[in-house]
file work_33.cif (mmCIF, C-alpha atoms and all ligand atoms; chains and numbers go by the auth columns)
data_entry
#
loop_
_atom_site.group_PDB
_atom_site.id
_atom_site.type_symbol
_atom_site.label_atom_id
_atom_site.label_comp_id
_atom_site.label_asym_id
_atom_site.label_seq_id
_atom_site.Cartn_x
_atom_site.Cartn_y
_atom_site.Cartn_z
_atom_site.B_iso_or_equiv
_atom_site.auth_seq_id
_atom_site.auth_asym_id
ATOM 1 C CA MET A 1 3.985 -6.213 -123.240 0.00 8 A
ATOM 2 C CA GLU A 2 0.961 -8.396 -123.881 0.00 9 A
ATOM 3 C CA ASN A 3 -1.407 -7.544 -126.696 0.00 10 A
ATOM 4 C CA ASN A 4 -4.287 -9.334 -128.400 0.00 11 A
ATOM 5 C CA PHE A 5 -2.489 -9.884 -131.682 0.00 12 A
ATOM 6 C CA SER A 6 -0.686 -13.079 -130.689 0.00 13 A
ATOM 7 C CA TYR A 7 -2.773 -15.022 -133.261 0.00 14 A
ATOM 8 C CA ILE A 8 -0.806 -13.139 -135.922 0.00 15 A
ATOM 9 C CA ASP A 9 2.479 -14.451 -134.466 0.00 16 A
ATOM 10 C CA GLU A 10 1.124 -17.977 -134.660 0.00 17 A
ATOM 11 C CA ASN A 11 -0.271 -17.527 -138.186 0.00 18 A
ATOM 12 C CA LEU A 12 3.038 -16.130 -139.441 0.00 19 A
ATOM 13 C CA ARG A 13 4.922 -19.017 -137.862 0.00 20 A
ATOM 14 C CA ILE A 14 2.677 -21.482 -139.721 0.00 21 A
ATOM 15 C CA ILE A 15 3.019 -19.604 -143.024 0.00 22 A
ATOM 16 C CA LYS A 16 6.827 -19.600 -142.769 0.00 23 A
ATOM 17 C CA GLU A 17 6.799 -23.274 -141.918 0.00 24 A
ATOM 18 C CA ASN A 18 4.608 -24.079 -144.942 0.00 25 A
ATOM 19 C CA ILE A 19 6.801 -21.977 -147.229 0.00 26 A
ATOM 20 C CA GLY A 20 9.894 -23.762 -145.913 0.00 27 A
ATOM 21 C CA GLU A 21 8.269 -27.140 -146.520 0.00 28 A
ATOM 22 C CA ALA A 22 7.217 -26.202 -150.069 0.00 29 A
ATOM 23 C CA LEU A 23 10.754 -25.052 -150.864 0.00 30 A
ATOM 24 C CA ASP A 24 12.259 -28.236 -149.400 0.00 31 A
ATOM 25 C CA LYS A 25 9.870 -30.387 -151.348 0.00 32 A
ATOM 26 C CA TYR A 26 9.725 -28.667 -154.729 0.00 33 A
ATOM 27 C CA ARG A 27 12.570 -26.168 -154.985 0.00 34 A
ATOM 28 C CA SER A 28 15.688 -25.152 -153.117 0.00 35 A
ATOM 29 C CA PRO A 29 15.586 -24.212 -149.421 0.00 36 A
ATOM 30 C CA ALA A 30 17.816 -21.260 -150.369 0.00 37 A
ATOM 31 C CA ASP A 31 15.219 -19.739 -152.715 0.00 38 A
ATOM 32 C CA ASN A 32 13.778 -16.465 -151.526 0.00 39 A
ATOM 33 C CA VAL A 33 9.997 -16.069 -151.340 0.00 40 A
ATOM 34 C CA ARG A 34 8.728 -12.716 -150.123 0.00 41 A
ATOM 35 C CA ILE A 35 5.630 -12.628 -147.948 0.00 42 A
ATOM 36 C CA MET A 36 3.265 -9.759 -148.627 0.00 43 A
ATOM 37 C CA ALA A 37 0.696 -9.011 -145.927 0.00 44 A
ATOM 38 C CA VAL A 38 -2.578 -8.129 -147.665 0.00 45 A
ATOM 39 C CA THR A 39 -4.276 -5.527 -145.502 0.00 46 A
ATOM 40 C CA LYS A 40 -7.810 -5.075 -146.825 0.00 47 A
ATOM 41 C CA THR A 41 -10.262 -4.519 -143.931 0.00 48 A
ATOM 42 C CA VAL A 42 -7.434 -5.023 -141.395 0.00 49 A
ATOM 43 C CA ALA A 43 -6.897 -2.365 -138.728 0.00 50 A
ATOM 44 C CA PRO A 44 -3.565 -0.514 -138.913 0.00 51 A
ATOM 45 C CA GLU A 45 -2.662 -1.731 -135.397 0.00 52 A
ATOM 46 C CA ALA A 46 -2.852 -5.335 -136.571 0.00 53 A
ATOM 47 C CA VAL A 47 -0.878 -4.477 -139.711 0.00 54 A
ATOM 48 C CA ASN A 48 1.790 -2.785 -137.588 0.00 55 A
ATOM 49 C CA HIS A 49 1.969 -5.830 -135.369 0.00 56 A
ATOM 50 C CA ALA A 50 2.777 -7.933 -138.453 0.00 57 A
ATOM 51 C CA VAL A 51 5.465 -5.396 -139.371 0.00 58 A
ATOM 52 C CA SER A 52 6.923 -5.702 -135.863 0.00 59 A
ATOM 53 C CA LEU A 53 7.216 -9.456 -136.516 0.00 60 A
ATOM 54 C CA GLY A 54 9.332 -8.844 -139.593 0.00 61 A
ATOM 55 C CA ILE A 55 6.797 -8.383 -142.412 0.00 62 A
ATOM 56 C CA GLU A 56 8.408 -5.894 -144.780 0.00 63 A
ATOM 57 C CA LEU A 57 5.835 -5.751 -147.539 0.00 64 A
ATOM 58 C CA LEU A 58 2.191 -4.630 -147.437 0.00 65 A
ATOM 59 C CA GLY A 59 -0.392 -5.072 -150.211 0.00 66 A
ATOM 60 C CA GLU A 60 -3.194 -2.563 -150.734 0.00 67 A
ATOM 61 C CA ASN A 61 -6.339 -3.203 -152.789 0.00 68 A
ATOM 62 C CA ARG A 62 -8.379 -0.080 -152.531 0.00 69 A
ATOM 63 C CA VAL A 63 -7.155 3.463 -152.965 0.00 70 A
ATOM 64 C CA GLN A 64 -9.629 4.996 -150.526 0.00 71 A
ATOM 65 C CA GLU A 65 -9.030 2.471 -147.796 0.00 72 A
ATOM 66 C CA TYR A 66 -5.289 2.864 -148.188 0.00 73 A
ATOM 67 C CA GLN A 67 -5.558 6.645 -147.923 0.00 74 A
ATOM 68 C CA SER A 68 -7.544 6.315 -144.707 0.00 75 A
ATOM 69 C CA LYS A 69 -4.965 4.013 -143.119 0.00 76 A
ATOM 70 C CA ALA A 70 -1.618 5.144 -144.551 0.00 77 A
ATOM 71 C CA ASP A 71 -0.881 7.716 -141.839 0.00 78 A
ATOM 72 C CA PHE A 72 -1.198 5.057 -139.161 0.00 79 A
ATOM 73 C CA TYR A 73 1.130 2.528 -140.771 0.00 80 A
ATOM 74 C CA ASP A 74 4.595 1.835 -139.503 0.00 81 A
ATOM 75 C CA LYS A 75 6.597 3.518 -142.264 0.00 82 A
ATOM 76 C CA SER A 76 9.342 0.908 -142.239 0.00 83 A
ATOM 77 C CA ALA A 77 7.260 -1.414 -144.434 0.00 84 A
ATOM 78 C CA GLU A 78 7.127 -1.124 -148.194 0.00 85 A
ATOM 79 C CA VAL A 79 3.644 -0.715 -149.700 0.00 86 A
ATOM 80 C CA GLN A 80 2.614 -2.077 -153.086 0.00 87 A
ATOM 81 C CA PHE A 81 -0.719 -1.738 -154.842 0.00 88 A
ATOM 82 C CA ILE A 82 -2.430 -4.997 -155.857 0.00 89 A
ATOM 83 C CA GLY A 83 -6.069 -4.079 -156.503 0.00 90 A
ATOM 84 C CA HIS A 84 -7.924 -3.076 -159.615 0.00 91 A
ATOM 85 C CA LEU A 85 -6.845 0.480 -160.342 0.00 92 A
ATOM 86 C CA GLN A 86 -8.788 3.074 -162.300 0.00 93 A
ATOM 87 C CA THR A 87 -6.683 5.507 -164.293 0.00 94 A
ATOM 88 C CA ASN A 88 -8.221 8.498 -162.493 0.00 95 A
ATOM 89 C CA LYS A 89 -6.977 7.165 -159.123 0.00 96 A
ATOM 90 C CA VAL A 90 -3.318 6.676 -160.014 0.00 97 A
ATOM 91 C CA LYS A 91 -2.559 10.192 -158.813 0.00 98 A
ATOM 92 C CA TYR A 92 -3.440 9.281 -155.233 0.00 99 A
ATOM 93 C CA ILE A 93 -0.839 6.545 -154.935 0.00 100 A
ATOM 94 C CA ILE A 94 1.928 7.567 -157.329 0.00 101 A
ATOM 95 C CA ASN A 95 4.190 8.887 -154.566 0.00 102 A
ATOM 96 C CA THR A 96 3.393 6.453 -151.785 0.00 103 A
ATOM 97 C CA VAL A 97 3.668 2.954 -153.220 0.00 104 A
ATOM 98 C CA SER A 98 6.852 1.265 -154.398 0.00 105 A
ATOM 99 C CA MET A 99 5.168 -0.924 -156.999 0.00 106 A
ATOM 100 C CA ILE A 100 1.858 -1.367 -158.802 0.00 107 A
ATOM 101 C CA GLN A 101 1.279 -5.090 -159.337 0.00 108 A
ATOM 102 C CA SER A 102 -2.095 -4.828 -161.019 0.00 109 A
ATOM 103 C CA VAL A 103 -1.291 -3.269 -164.393 0.00 110 A
ATOM 104 C CA ASP A 104 -3.704 -4.876 -166.805 0.00 111 A
ATOM 105 C CA SER A 105 -3.734 -2.512 -169.779 0.00 112 A
ATOM 106 C CA LEU A 106 -1.476 -0.249 -171.787 0.00 113 A
ATOM 107 C CA ARG A 107 -3.792 2.629 -171.012 0.00 114 A
ATOM 108 C CA LEU A 108 -3.308 2.265 -167.250 0.00 115 A
ATOM 109 C CA ALA A 109 0.452 1.944 -167.737 0.00 116 A
ATOM 110 C CA GLN A 110 0.482 5.119 -169.820 0.00 117 A
ATOM 111 C CA GLU A 111 -1.205 7.055 -167.027 0.00 118 A
ATOM 112 C CA ILE A 112 1.218 5.642 -164.437 0.00 119 A
ATOM 113 C CA ASN A 113 4.063 6.607 -166.780 0.00 120 A
ATOM 114 C CA ARG A 114 2.781 10.156 -167.216 0.00 121 A
ATOM 115 C CA LEU A 115 2.368 10.765 -163.488 0.00 122 A
ATOM 116 C CA ALA A 116 5.640 9.047 -162.580 0.00 123 A
ATOM 117 C CA LEU A 117 7.546 11.307 -164.976 0.00 124 A
ATOM 118 C CA ASN A 118 5.698 14.367 -163.612 0.00 125 A
ATOM 119 C CA ASN A 119 6.832 13.346 -160.147 0.00 126 A
ATOM 120 C CA GLY A 120 10.395 12.676 -161.191 0.00 127 A
ATOM 121 C CA ARG A 121 10.311 8.961 -160.559 0.00 128 A
ATOM 122 C CA VAL A 122 10.141 5.584 -162.225 0.00 129 A
ATOM 123 C CA MET A 123 7.375 3.249 -161.031 0.00 130 A
ATOM 124 C CA ASP A 124 8.003 -0.477 -160.809 0.00 131 A
ATOM 125 C CA ILE A 125 5.078 -2.472 -162.155 0.00 132 A
ATOM 126 C CA LEU A 126 3.968 -6.042 -162.676 0.00 133 A
ATOM 127 C CA CYS A 127 1.629 -7.069 -165.468 0.00 134 A
ATOM 128 C CA GLU A 128 -1.471 -8.740 -164.144 0.00 135 A
ATOM 129 C CA VAL A 129 -2.364 -11.795 -166.188 0.00 136 A
ATOM 130 C CA ASN A 130 -5.862 -13.268 -166.398 0.00 137 A
ATOM 131 C CA ILE A 131 -4.480 -16.775 -166.706 0.00 138 A
ATOM 132 C CA GLY A 132 -7.889 -18.466 -166.423 0.00 139 A
ATOM 133 C CA GLY A 133 -9.531 -16.158 -168.971 0.00 140 A
ATOM 134 C CA GLU A 134 -12.226 -15.411 -166.404 0.00 141 A
ATOM 135 C CA GLU A 135 -14.659 -12.666 -167.215 0.00 142 A
ATOM 136 C CA SER A 136 -14.960 -11.643 -163.565 0.00 143 A
ATOM 137 C CA LYS A 137 -11.233 -10.956 -163.245 0.00 144 A
ATOM 138 C CA SER A 138 -9.003 -8.249 -164.569 0.00 145 A
ATOM 139 C CA GLY A 139 -5.654 -8.918 -166.182 0.00 146 A
ATOM 140 C CA ALA A 140 -4.223 -9.109 -169.668 0.00 147 A
ATOM 141 C CA ALA A 141 -4.805 -12.222 -171.767 0.00 148 A
ATOM 142 C CA PRO A 142 -1.685 -14.435 -171.958 0.00 149 A
ATOM 143 C CA GLN A 143 -1.520 -14.128 -175.744 0.00 150 A
ATOM 144 C CA GLU A 144 -1.535 -10.321 -175.538 0.00 151 A
ATOM 145 C CA LEU A 145 1.366 -10.140 -173.145 0.00 152 A
ATOM 146 C CA HIS A 146 4.338 -10.155 -175.452 0.00 153 A
ATOM 147 C CA ALA A 147 3.043 -7.198 -177.450 0.00 154 A
ATOM 148 C CA MET A 148 2.005 -5.371 -174.290 0.00 155 A
ATOM 149 C CA LEU A 149 5.454 -5.841 -172.736 0.00 156 A
ATOM 150 C CA GLU A 150 7.130 -4.485 -175.851 0.00 157 A
ATOM 151 C CA GLN A 151 5.007 -1.361 -175.634 0.00 158 A
ATOM 152 C CA LEU A 152 5.573 -0.996 -171.893 0.00 159 A
ATOM 153 C CA SER A 153 9.320 -1.177 -172.433 0.00 160 A
ATOM 154 C CA LEU A 154 9.114 2.099 -174.357 0.00 161 A
ATOM 155 C CA LEU A 155 7.661 4.003 -171.379 0.00 162 A
ATOM 156 C CA GLU A 156 10.453 5.695 -169.441 0.00 163 A
ATOM 157 C CA GLY A 157 8.445 6.254 -166.285 0.00 164 A
ATOM 158 C CA VAL A 158 7.593 2.592 -165.679 0.00 165 A
ATOM 159 C CA ARG A 159 9.802 -0.430 -165.263 0.00 166 A
ATOM 160 C CA VAL A 160 8.314 -3.905 -165.694 0.00 167 A
ATOM 161 C CA ARG A 161 9.659 -6.281 -163.039 0.00 168 A
ATOM 162 C CA GLY A 162 7.512 -9.354 -163.649 0.00 169 A
ATOM 163 C CA LEU A 163 4.012 -10.830 -163.569 0.00 170 A
ATOM 164 C CA MET A 164 1.128 -11.129 -161.131 0.00 171 A
ATOM 165 C CA THR A 165 -1.920 -13.368 -161.261 0.00 172 A
ATOM 166 C CA ILE A 166 -4.968 -14.587 -159.374 0.00 173 A
ATOM 167 C CA PRO A 167 -5.678 -18.031 -160.840 0.00 174 A
ATOM 168 C CA PRO A 168 -9.131 -19.655 -160.833 0.00 175 A
ATOM 169 C CA GLN A 169 -9.880 -21.484 -157.589 0.00 176 A
ATOM 170 C CA THR A 170 -10.806 -24.730 -159.274 0.00 177 A
ATOM 171 C CA ASP A 171 -8.092 -26.712 -161.065 0.00 178 A
ATOM 172 C CA SER A 172 -5.705 -24.074 -159.791 0.00 179 A
ATOM 173 C CA ASP A 173 -2.684 -26.355 -160.393 0.00 180 A
ATOM 174 C CA ILE A 174 -3.351 -26.251 -164.125 0.00 181 A
ATOM 175 C CA TYR A 175 -3.356 -22.466 -164.121 0.00 182 A
ATOM 176 C CA LEU A 176 -0.387 -22.134 -161.782 0.00 183 A
ATOM 177 C CA GLY A 177 1.458 -24.404 -164.211 0.00 184 A
ATOM 178 C CA ARG A 178 0.445 -22.291 -167.198 0.00 185 A
ATOM 179 C CA MET A 179 1.576 -19.181 -165.388 0.00 186 A
ATOM 180 C CA SER A 180 4.920 -20.788 -164.657 0.00 187 A
ATOM 181 C CA GLU A 181 5.350 -21.662 -168.353 0.00 188 A
ATOM 182 C CA LEU A 182 4.385 -18.168 -169.429 0.00 189 A
ATOM 183 C CA PHE A 183 6.842 -16.614 -166.986 0.00 190 A
ATOM 184 C CA THR A 184 9.660 -18.868 -168.174 0.00 191 A
ATOM 185 C CA LYS A 185 8.851 -18.194 -171.820 0.00 192 A
ATOM 186 C CA LEU A 186 8.738 -14.410 -171.392 0.00 193 A
ATOM 187 C CA SER A 187 11.956 -14.486 -169.352 0.00 194 A
ATOM 188 C CA ALA A 188 13.680 -16.359 -172.170 0.00 195 A
ATOM 189 C CA GLU A 189 12.456 -13.824 -174.717 0.00 196 A
ATOM 190 C CA ASN A 190 14.614 -11.173 -173.019 0.00 197 A
ATOM 191 C CA ILE A 191 12.487 -8.249 -174.136 0.00 198 A
ATOM 192 C CA SER A 192 14.722 -5.216 -173.944 0.00 199 A
ATOM 193 C CA GLY A 193 13.934 -2.961 -170.990 0.00 200 A
ATOM 194 C CA VAL A 194 11.690 -5.572 -169.358 0.00 201 A
ATOM 195 C CA SER A 195 12.846 -7.724 -166.469 0.00 202 A
ATOM 196 C CA MET A 196 11.161 -10.917 -165.342 0.00 203 A
ATOM 197 C CA GLU A 197 12.358 -11.207 -161.744 0.00 204 A
ATOM 198 C CA ILE A 198 9.101 -11.311 -159.836 0.00 205 A
ATOM 199 C CA LEU A 199 6.319 -13.869 -160.130 0.00 206 A
ATOM 200 C CA SER A 200 3.601 -12.737 -157.730 0.00 207 A
ATOM 201 C CA MET A 201 1.135 -15.576 -157.195 0.00 208 A
ATOM 202 C CA GLY A 202 -0.325 -17.482 -154.298 0.00 209 A
ATOM 203 C CA MET A 203 -2.853 -16.429 -151.675 0.00 210 A
ATOM 204 C CA THR A 204 -4.004 -18.064 -148.455 0.00 211 A
ATOM 205 C CA HIS A 205 -5.569 -21.095 -150.120 0.00 212 A
ATOM 206 C CA ASP A 206 -2.843 -21.856 -152.662 0.00 213 A
ATOM 207 C CA TYR A 207 0.504 -20.323 -151.673 0.00 214 A
ATOM 208 C CA ALA A 208 2.281 -23.644 -151.132 0.00 215 A
ATOM 209 C CA GLN A 209 1.218 -24.802 -154.596 0.00 216 A
ATOM 210 C CA ALA A 210 2.122 -21.420 -156.080 0.00 217 A
ATOM 211 C CA ILE A 211 5.630 -21.802 -154.655 0.00 218 A
ATOM 212 C CA ARG A 212 5.831 -25.221 -156.241 0.00 219 A
ATOM 213 C CA PHE A 213 5.164 -23.497 -159.569 0.00 220 A
ATOM 214 C CA GLY A 214 7.836 -20.851 -159.127 0.00 221 A
ATOM 215 C CA SER A 215 6.225 -17.992 -157.232 0.00 222 A
ATOM 216 C CA ASN A 216 8.651 -15.736 -155.379 0.00 223 A
ATOM 217 C CA LEU A 217 6.072 -13.377 -153.877 0.00 224 A
ATOM 218 C CA VAL A 218 3.008 -14.676 -152.048 0.00 225 A
ATOM 219 C CA ARG A 219 0.177 -12.337 -151.070 0.00 226 A
ATOM 220 C CA ILE A 220 -1.493 -13.437 -147.853 0.00 227 A
ATOM 221 C CA GLY A 221 -4.468 -11.856 -146.128 0.00 228 A
ATOM 222 C CA THR A 222 -6.759 -14.156 -144.169 0.00 229 A
ATOM 223 C CA GLY A 223 -4.010 -16.688 -143.480 0.00 230 A
ATOM 224 C CA LEU A 224 -2.176 -14.000 -141.526 0.00 231 A
ATOM 225 C CA PHE A 225 -4.882 -11.727 -140.123 0.00 232 A
ATOM 226 C CA GLY A 226 -7.872 -14.078 -139.930 0.00 233 A
ATOM 227 C CA ALA A 227 -11.213 -13.839 -141.729 0.00 234 A
ATOM 228 C CA ARG A 228 -12.045 -10.430 -143.107 0.00 235 A
ATOM 229 C CA ASP A 229 -14.797 -8.449 -141.451 0.00 236 A
ATOM 230 C CA TYR A 230 -16.260 -6.279 -144.178 0.00 237 A
ATOM 231 C CA SER A 231 -18.869 -4.798 -141.837 0.00 238 A
ATOM 232 C CA LYS A 232 -16.116 -2.715 -140.230 0.00 239 A
ATOM 233 C CA LYS A 233 -15.232 -0.966 -143.480 0.00 240 A
HETATM 234 C C1 LIG B . -7.348 -10.223 -150.996 0.00 301 A
HETATM 235 C C2 LIG B . -6.226 -10.490 -151.920 0.00 301 A
HETATM 236 C C3 LIG B . -5.193 -11.378 -151.589 0.00 301 A
HETATM 237 C C4 LIG B . -5.173 -12.175 -150.299 0.00 301 A
HETATM 238 O O1 LIG B . -6.237 -13.056 -150.223 0.00 301 A
HETATM 239 P P1 LIG B . -6.358 -14.118 -149.031 0.00 301 A
HETATM 240 O O2 LIG B . -7.150 -15.208 -149.588 0.00 301 A
HETATM 241 O O3 LIG B . -7.027 -13.411 -147.912 0.00 301 A
HETATM 242 O O4 LIG B . -4.971 -14.520 -148.655 0.00 301 A
HETATM 243 C C5 LIG B . -4.160 -11.540 -152.492 0.00 301 A
HETATM 244 N N1 LIG B . -4.115 -10.871 -153.654 0.00 301 A
HETATM 245 C C6 LIG B . -5.077 -10.004 -154.005 0.00 301 A
HETATM 246 C C7 LIG B . -4.972 -9.306 -155.313 0.00 301 A
HETATM 247 C C8 LIG B . -6.159 -9.790 -153.156 0.00 301 A
HETATM 248 O O5 LIG B . -7.121 -8.941 -153.519 0.00 301 A
#

call {"tool": "encode", "arguments": {"input": "work_33.cif", "output": "structure tokens", "more": "lines below"}}
Ligand SMILES: *Cc1c(COP(=O)(O)O)cnc(C)c1O
result
Amino acid sequence: MENNFSYIDENLRIIKENIGEALDKYRSPADNVRIMAVTKTVAPEAVNHAVSLGIELLGENRVQEYQSKADFYDKSAEVQFIGHLQTNKVKYIINTVSMIQSVDSLRLAQEINRLALNNGRVMDILCEVNIGGEESKSGAAPQELHAMLEQLSLLEGVRVRGLMTIPPQTDSDIYLGRMSELFTKLSAENISGVSMEILSMGMTHDYAQAIRFGSNLVRIGTGLFGARDYSKK
């Protein structure tokens, strides 16, 4: 049947082609890079169309928006939280997301831990790193990370799986490179109870470069769904 979402098919084809080219050029074609569809402001019908094309991972930024759309989502896709999260909102997502990528403080992790244990589960998390030291962005400072990871490893209700970042837009190669070094260094430190499998970086404007610098999870919104229309939300 025809629908009006064919632009998403074309966008996804281009994204996969660019990912393939980046892997050929900088890494190994066999490397796996997961594509997350970032859904902010996007109608559930468009999100479900992306899922029908093979997208298996959705990224949610806002608790309220997610709650208003969750019932309409195709349940076959995995949902992860990627937005700034206040401790008093963790309770709304603790049972519906498979990972929280935006853990930027011990305090937030402690609340996730408490609620995960109450709900009889372990929550996968990534530590968000403010690699550019930008005041406008959340994320832990790179030099704080080792100590933070050691403390997170003691929490039985959370399991650290890697790092997430949103680098500055200008000179982004420098910051993607720093993130790559940090990820490699922390992996080599083998902190007990902490695994460094996932490096979540790269958005519409920089995913090919992020892959060059070792990303294995790219988070794409506008490149897949088109420009965001905030007036609809
Ligand atoms: C919005 C957003 C993205 C996707 O941004 P695009 O530029 O639309 O691809 C990725 N990650 C986070 C954390 C976001 O908030």

call {"tool": "residues_around", "arguments": {"input": "work_33.cif", "residues": "His153 in chain A", "least_positions_apart": "2", "cutoff": "10 Å", "atoms": "only C-alpha atoms", "output": "list in words"}}
result
Pro149, Gln150, Glu151, Met155, Leu156, Glu157, Gln158, Leu159, Lys192, Leu193, Glu196 and Ile198 of chain A

call {"tool": "resolve_selection", "arguments": {"input": "work_33.cif", "expression": "the PyMOL selection byres (((not hetatm)) within 6 of (chain A and resi 301))", "output": "ChimeraX atom specification"}}
result
/A:45,68,89-90,210-211,226-230

call {"tool": "resolve_selection", "arguments": {"input": "work_33.cif", "expression": "the PyMOL selection byres (((chain A and resi 114) around 12) and not hetatm)", "output": "number ranges by chain"}}
result
A: 92-95, 97, 110-113, 115-121, 147, 155, 158-159, 162

call {"tool": "atom_distance", "arguments": {"input": "work_33.cif", "atom1": "CA of Lys96 in chain A", "atom2": "CA of Ile138 in chain A"}}
result
25.2 Å

call {"tool": "atom_distance", "arguments": {"input": "work_33.cif", "atom1": "CA of Glu67 in chain A", "atom2": "CA of Pro36 in chain A"}}
result
28.7 Å

call {"tool": "atom_distance", "arguments": {"input": "work_33.cif", "atom1": "CA of Ala37 in chain A", "atom2": "CA of Ser202 in chain A"}}
result
21.6 Å

call {"tool": "closest_residue", "arguments": {"input": "work_33.cif", "among": "A:Lys32, A:Lys82, A:Arg41, A:Arg20", "to": "Gly209 in chain A", "atoms": "only C-alpha atoms"}}
result
A:Arg41

call {"tool": "resolve_selection", "arguments": {"input": "work_33.cif", "expression": "the PyMOL selection byres (((chain A and resi 61) around 12) and not hetatm)", "output": "tab-separated table (two decimals) with C-alpha atoms, in the coordinates of the input"}}
result
chain	number	residue	atom	x	y	z
A	15	ILE	CA	-0.81	-13.14	-135.92
A	16	ASP	CA	2.48	-14.45	-134.47
A	19	LEU	CA	3.04	-16.13	-139.44
A	20	ARG	CA	4.92	-19.02	-137.86
A	23	LYS	CA	6.83	-19.60	-142.77
A	41	ARG	CA	8.73	-12.72	-150.12
A	42	ILE	CA	5.63	-12.63	-147.95
A	43	MET	CA	3.26	-9.76	-148.63
A	44	ALA	CA	0.70	-9.01	-145.93
A	54	VAL	CA	-0.88	-4.48	-139.71
A	55	ASN	CA	1.79	-2.78	-137.59
A	56	HIS	CA	1.97	-5.83	-135.37
A	57	ALA	CA	2.78	-7.93	-138.45
A	58	VAL	CA	5.46	-5.40	-139.37
A	59	SER	CA	6.92	-5.70	-135.86
A	60	LEU	CA	7.22	-9.46	-136.52
A	62	ILE	CA	6.80	-8.38	-142.41
A	63	GLU	CA	8.41	-5.89	-144.78
A	64	LEU	CA	5.84	-5.75	-147.54
A	65	LEU	CA	2.19	-4.63	-147.44
A	81	ASP	CA	4.60	1.84	-139.50
A	83	SER	CA	9.34	0.91	-142.24
A	84	ALA	CA	7.26	-1.41	-144.43
A	85	GLU	CA	7.13	-1.12	-148.19

call {"tool": "closest_residue", "arguments": {"input": "work_33.cif", "among": "A:Ser143, A:Asn102, A:Thr172, A:Gln108", "to": "Gly127 in chain A", "atoms": "all atoms listed in the file"}}
result
A:Asn102

call {"tool": "decode", "arguments": {"input": "work_33.cif", "residues": "range 207-211 of chain A", "atoms": "all heavy atoms", "output": "PDB file, in the first residue's frame"}}
result
ATOM      1  N   SER A 207      28.101   5.663  22.257  1.00  0.00           N
ATOM      2  CA  SER A 207      26.958   6.292  21.587  1.00  0.00           C
ATOM      3  C   SER A 207      27.323   7.717  21.224  1.00  0.00           C
ATOM      4  O   SER A 207      27.327   8.607  22.072  1.00  0.00           O
ATOM      5  CB  SER A 207      25.744   6.249  22.525  1.00  0.00           C
ATOM      6  OG  SER A 207      24.687   7.049  22.029  1.00  0.00           O
ATOM      7  N   MET A 208      27.684   7.944  19.969  1.00  0.00           N
ATOM      8  CA  MET A 208      27.945   9.321  19.519  1.00  0.00           C
ATOM      9  C   MET A 208      27.725   9.421  18.017  1.00  0.00           C
ATOM     10  O   MET A 208      27.895   8.467  17.281  1.00  0.00           O
ATOM     11  CB  MET A 208      29.337   9.808  19.946  1.00  0.00           C
ATOM     12  CG  MET A 208      30.525   9.167  19.324  1.00  0.00           C
ATOM     13  SD  MET A 208      32.079   9.913  19.974  1.00  0.00           S
ATOM     14  CE  MET A 208      33.283   9.080  18.918  1.00  0.00           C
ATOM     15  N   GLY A 209      27.325  10.613  17.610  1.00  0.00           N
ATOM     16  CA  GLY A 209      27.010  10.856  16.213  1.00  0.00           C
ATOM     17  C   GLY A 209      25.529  11.128  16.055  1.00  0.00           C
ATOM     18  O   GLY A 209      24.698  10.350  16.519  1.00  0.00           O
ATOM     19  N   MET A 210      25.230  12.287  15.441  1.00  0.00           N
ATOM     20  CA  MET A 210      23.864  12.684  15.143  1.00  0.00           C
ATOM     21  C   MET A 210      23.825  12.993  13.646  1.00  0.00           C
ATOM     22  O   MET A 210      24.765  12.689  12.926  1.00  0.00           O
ATOM     23  CB  MET A 210      23.470  13.901  15.997  1.00  0.00           C
ATOM     24  CG  MET A 210      23.733  13.612  17.459  1.00  0.00           C
ATOM     25  SD  MET A 210      23.538  14.903  18.721  1.00  0.00           S
ATOM     26  CE  MET A 210      22.473  16.113  18.064  1.00  0.00           C
ATOM     27  N   THR A 211      22.753  13.607  13.193  1.00  0.00           N
ATOM     28  CA  THR A 211      22.612  13.812  11.748  1.00  0.00           C
ATOM     29  C   THR A 211      23.833  14.505  11.119  1.00  0.00           C
ATOM     30  O   THR A 211      24.301  14.091  10.067  1.00  0.00           O
ATOM     31  CB  THR A 211      21.328  14.626  11.450  1.00  0.00           C
ATOM     32  OG1 THR A 211      20.218  13.837  11.880  1.00  0.00           O
ATOM     33  CG2 THR A 211      21.203  14.937   9.969  1.00  0.00           C
TER      34      THR A 211
END
